[in-house]
Amino acid sequence: MTTNILFCGYSYHTNGYHSQYKSGYPVYLFRLQTEGLCEVVAKGKKIELGKGDLLLIKPGDHYELLVKEGQNSGDYHLGCEGPWIDEWWNRSEKPAVSRIDLDEKLLTLWRHIMIEKRRPVSSQNEELTGYLLRALCLSLERAAGETVPTFHHPYTVTRMMRYIEEHATLSFRVEDVARHAGLSVSRSVHLFKSSVGKTMIEYMQEIRLSAAIEQMKYTTMTLEQIAINCGFGTYPYFHKVFKKKYGMSPGTYRRQDY
């Protein structure tokens with residue numbers, strides 16, 4: 001299924017700005033506020049957007065944007081259309097505005113699309129931009145979903161989980177996780193354990209062990225190299241943690257797999 005990106009860019013307004021589409025916006029619009037403030041009218045509601053607010057508009061929606069004089073406003077924006085976007089949009093409810101984390105990986109993906117669209121038409125790779133757009137849509141959808149508290153995890157716990165997942169094979173402290181979630185260490189430790197059912201360290205070790213098993217199965221690296229790559233530091237420590245979890249040494253596990 002093809003997709004068509006009509007525009008993709010970044011804007012920064014300092015002297016006021018106004019645009020409106022009373023008869024309905026012609027395509028899908030994704031707009032992520034990264035700096036300052038602005039006001040929008042979307043789906044009949046007037047909303048003030050601040051840093052981290054994601055606006056999603058579908059074709060036909062009334063849309064109006066206002067940046068007041070003396071107000072600064074920066075945003076990434078993208079307009080698109082096509083059968084895949086139609087299918088993606090219709091598979092679940094899309095709120096007009098969601099507050100998301102300004103994750104650098106997500107912004108890098110947006111910038112990648114911007115760079116591709118700047119190329120001469122003869123040099124553009126539609127297949128590549130199509131896949132980048134799909135990745136952006138799915139990333140935005142997940143980011144928006146993670147900010148909504150669920151039956152399983154409050155938003156702050158989800159933030160801690162994502163931080164641990166990203167940094168599990170590196171060196172980090174519980175204090176770093178708490179700071180990322182904007183909580184005290186004692187509060188973050190209690191909240192994580194009560195919600196996830198395990199400590200941050202236990203959660204981190206599970207991720208490290210999963211990464212180690214993948215490398216044991218699909219690479220020829222030594223167990224000492226794998227121990228370092230996956231954040232255990234030394235093989236003896238890796239051996240101890242692995243045997244406690246699986247009841248056998250990493251070497252025995254690897255030979256069994258073969």
# chains A, B, ... in the order shown; residues from 1 in each chain; ligands from 1
>>> residues_around(residues="A:Phe242", least_positions_apart="6", cutoff="10 Å", atoms="only C-alpha atoms", output="JSON, numbers by chain")
{"A": [205, 206, 208, 209, 212, 213, 236, 248, 249, 250, 253]}
>>> write_last_selection(atoms="N, CA and C atoms", output="PDB file, in the first residue's frame")
ATOM      1  N   GLN A 205      18.018  -7.150  34.908  1.00  0.00           N
ATOM      2  CA  GLN A 205      18.714  -8.419  34.714  1.00  0.00           C
ATOM      3  C   GLN A 205      17.994  -9.299  33.703  1.00  0.00           C
ATOM      4  N   GLU A 206      16.676  -9.280  33.713  1.00  0.00           N
ATOM      5  CA  GLU A 206      15.917 -10.065  32.734  1.00  0.00           C
ATOM      6  C   GLU A 206      16.236  -9.607  31.308  1.00  0.00           C
ATOM      7  N   ARG A 208      18.990  -8.024  30.335  1.00  0.00           N
ATOM      8  CA  ARG A 208      20.372  -8.397  30.044  1.00  0.00           C
ATOM      9  C   ARG A 208      20.491  -9.876  29.682  1.00  0.00           C
ATOM     10  N   LEU A 209      19.790 -10.721  30.413  1.00  0.00           N
ATOM     11  CA  LEU A 209      19.836 -12.153  30.142  1.00  0.00           C
ATOM     12  C   LEU A 209      19.236 -12.475  28.778  1.00  0.00           C
ATOM     13  N   ALA A 212      21.757 -11.570  26.255  1.00  0.00           N
ATOM     14  CA  ALA A 212      22.861 -12.528  26.272  1.00  0.00           C
ATOM     15  C   ALA A 212      22.482 -13.814  25.551  1.00  0.00           C
ATOM     16  N   ILE A 213      21.271 -14.298  25.772  1.00  0.00           N
ATOM     17  CA  ILE A 213      20.824 -15.534  25.104  1.00  0.00           C
ATOM     18  C   ILE A 213      20.775 -15.348  23.595  1.00  0.00           C
ATOM     19  N   PRO A 236      32.434 -14.055  35.437  1.00  0.00           N
ATOM     20  CA  PRO A 236      31.987 -14.696  36.686  1.00  0.00           C
ATOM     21  C   PRO A 236      30.633 -14.180  37.178  1.00  0.00           C
ATOM     22  N   MET A 248      21.700 -23.620  35.104  1.00  0.00           N
ATOM     23  CA  MET A 248      22.866 -24.171  34.404  1.00  0.00           C
ATOM     24  C   MET A 248      23.784 -23.026  34.008  1.00  0.00           C
ATOM     25  N   SER A 249      25.015 -23.355  33.671  1.00  0.00           N
ATOM     26  CA  SER A 249      25.968 -22.318  33.279  1.00  0.00           C
ATOM     27  C   SER A 249      25.685 -21.848  31.861  1.00  0.00           C
ATOM     28  N   PRO A 250      26.158 -20.637  31.499  1.00  0.00           N
ATOM     29  CA  PRO A 250      25.984 -20.172  30.120  1.00  0.00           C
ATOM     30  C   PRO A 250      26.589 -21.132  29.098  1.00  0.00           C
ATOM     31  N   TYR A 253      24.287 -24.087  28.565  1.00  0.00           N
ATOM     32  CA  TYR A 253      23.124 -23.639  27.805  1.00  0.00           C
ATOM     33  C   TYR A 253      23.470 -23.508  26.325  1.00  0.00           C
TER      34      TYR A 253
END
>>> select_by_dssp(residues="stretch 5-254 of chain A", states="strand (DSSP E or B)", output="MDAnalysis selection string")
chainID A and resid 5:13 17:21 28:36 38:42 45:49 53:57 63:67 73:81 97:99
>>> residues_around(residues="A:Leu49", least_positions_apart="5", cutoff="6 Å", atoms="only C-alpha atoms", output="list in words")
Leu37, Cys38 and Glu39 of chain A
>>> write_last_selection(atoms="N, CA and C atoms", output="JSON list (two decimals), in the first residue's frame")
[["chain", "number", "residue", "atom", "x", "y", "z"],
["A", 37, "LEU", "N", 4.55, 28.04, 22.83],
["A", 37, "LEU", "CA", 3.12, 27.80, 22.93],
["A", 37, "LEU", "C", 2.42, 28.25, 21.67],
["A", 38, "CYS", "N", 1.25, 27.67, 21.41],
["A", 38, "CYS", "CA", 0.38, 28.13, 20.35],
["A", 38, "CYS", "C", -1.05, 27.70, 20.70],
["A", 39, "GLU", "N", -2.00, 28.17, 19.93],
["A", 39, "GLU", "CA", -3.39, 27.75, 20.10],
["A", 39, "GLU", "C", -3.87, 27.12, 18.80]]
>>> closest_residue(among="A:Met114, A:Met160, A:Leu29, A:Leu133", to="A:Val97", atoms="only C-alpha atoms")
A:Leu29
>>> closest_residue(among="A:Val189, A:Leu65, A:Ile113, A:Asn229", to="A:Glu126", atoms="only C-alpha atoms")
A:Ile113
>>> atom_distance(atom1="atom CA of A:Ser73", atom2="atom CA of A:Ser139")
23.2 Å
>>> residues_around(residues="A:Val40", least_positions_apart="4", cutoff="7 Å", atoms="only C-alpha atoms", output="list in words")
Lys46, Ile47, Glu48, Glu64, Leu65 and Leu66 of chain A
>>> write_last_selection(atoms="N, CA and C atoms", output="compact mmCIF listing (two decimals), in the first residue's frame")
# COMPACT_ATOMS: atom_id res chain seq x y z
N LYS A 46 -11.05 24.58 21.09
CA LYS A 46 -9.89 25.45 21.15
C LYS A 46 -8.93 24.89 22.20
N ILE A 47 -7.68 24.65 21.81
CA ILE A 47 -6.72 23.98 22.68
C ILE A 47 -5.40 24.73 22.65
N GLU A 48 -4.81 24.94 23.82
CA GLU A 48 -3.46 25.50 23.89
C GLU A 48 -2.46 24.36 23.87
N GLU A 64 -7.44 25.14 12.77
CA GLU A 64 -6.99 26.53 12.81
C GLU A 64 -5.79 26.63 13.75
N LEU A 65 -4.77 27.37 13.33
CA LEU A 65 -3.56 27.54 14.13
C LEU A 65 -3.31 29.02 14.37
N LEU A 66 -3.02 29.36 15.64
CA LEU A 66 -2.74 30.76 15.99
C LEU A 66 -1.52 30.83 16.91
>>> atom_distance(atom1="atom CA of A:Lys45", atom2="atom CA of A:Ala96")
9.6 Å
>>> residues_around(residues="stretch 21-26 of chain A", least_positions_apart="2", cutoff="9 Å", atoms="only C-alpha atoms", output="MDAnalysis selection string")
chainID A and resid 19 28:29 57:64
>>> closest_residue(among="A:Cys80, A:Val67, A:Leu32, A:Leu183", to="A:Gly16", atoms="only C-alpha atoms")
A:Val67
>>> atom_distance(atom1="atom CA of A:Ala211", atom2="atom CA of A:Gly233")
13.9 Å
>>> closest_residue(among="A:Thr156, A:Thr169, A:Thr3, A:Thr219", to="A:Arg187", atoms="only C-alpha atoms")
A:Thr156
>>> select_by_dssp(residues="stretch 29-241 of chain A", states="helix (DSSP H, G or I)", output="ChimeraX atom specification")
/A:83-90,104-118,121-123,126-146,155-167,174-181,185-196,200-218,223-229,235-241
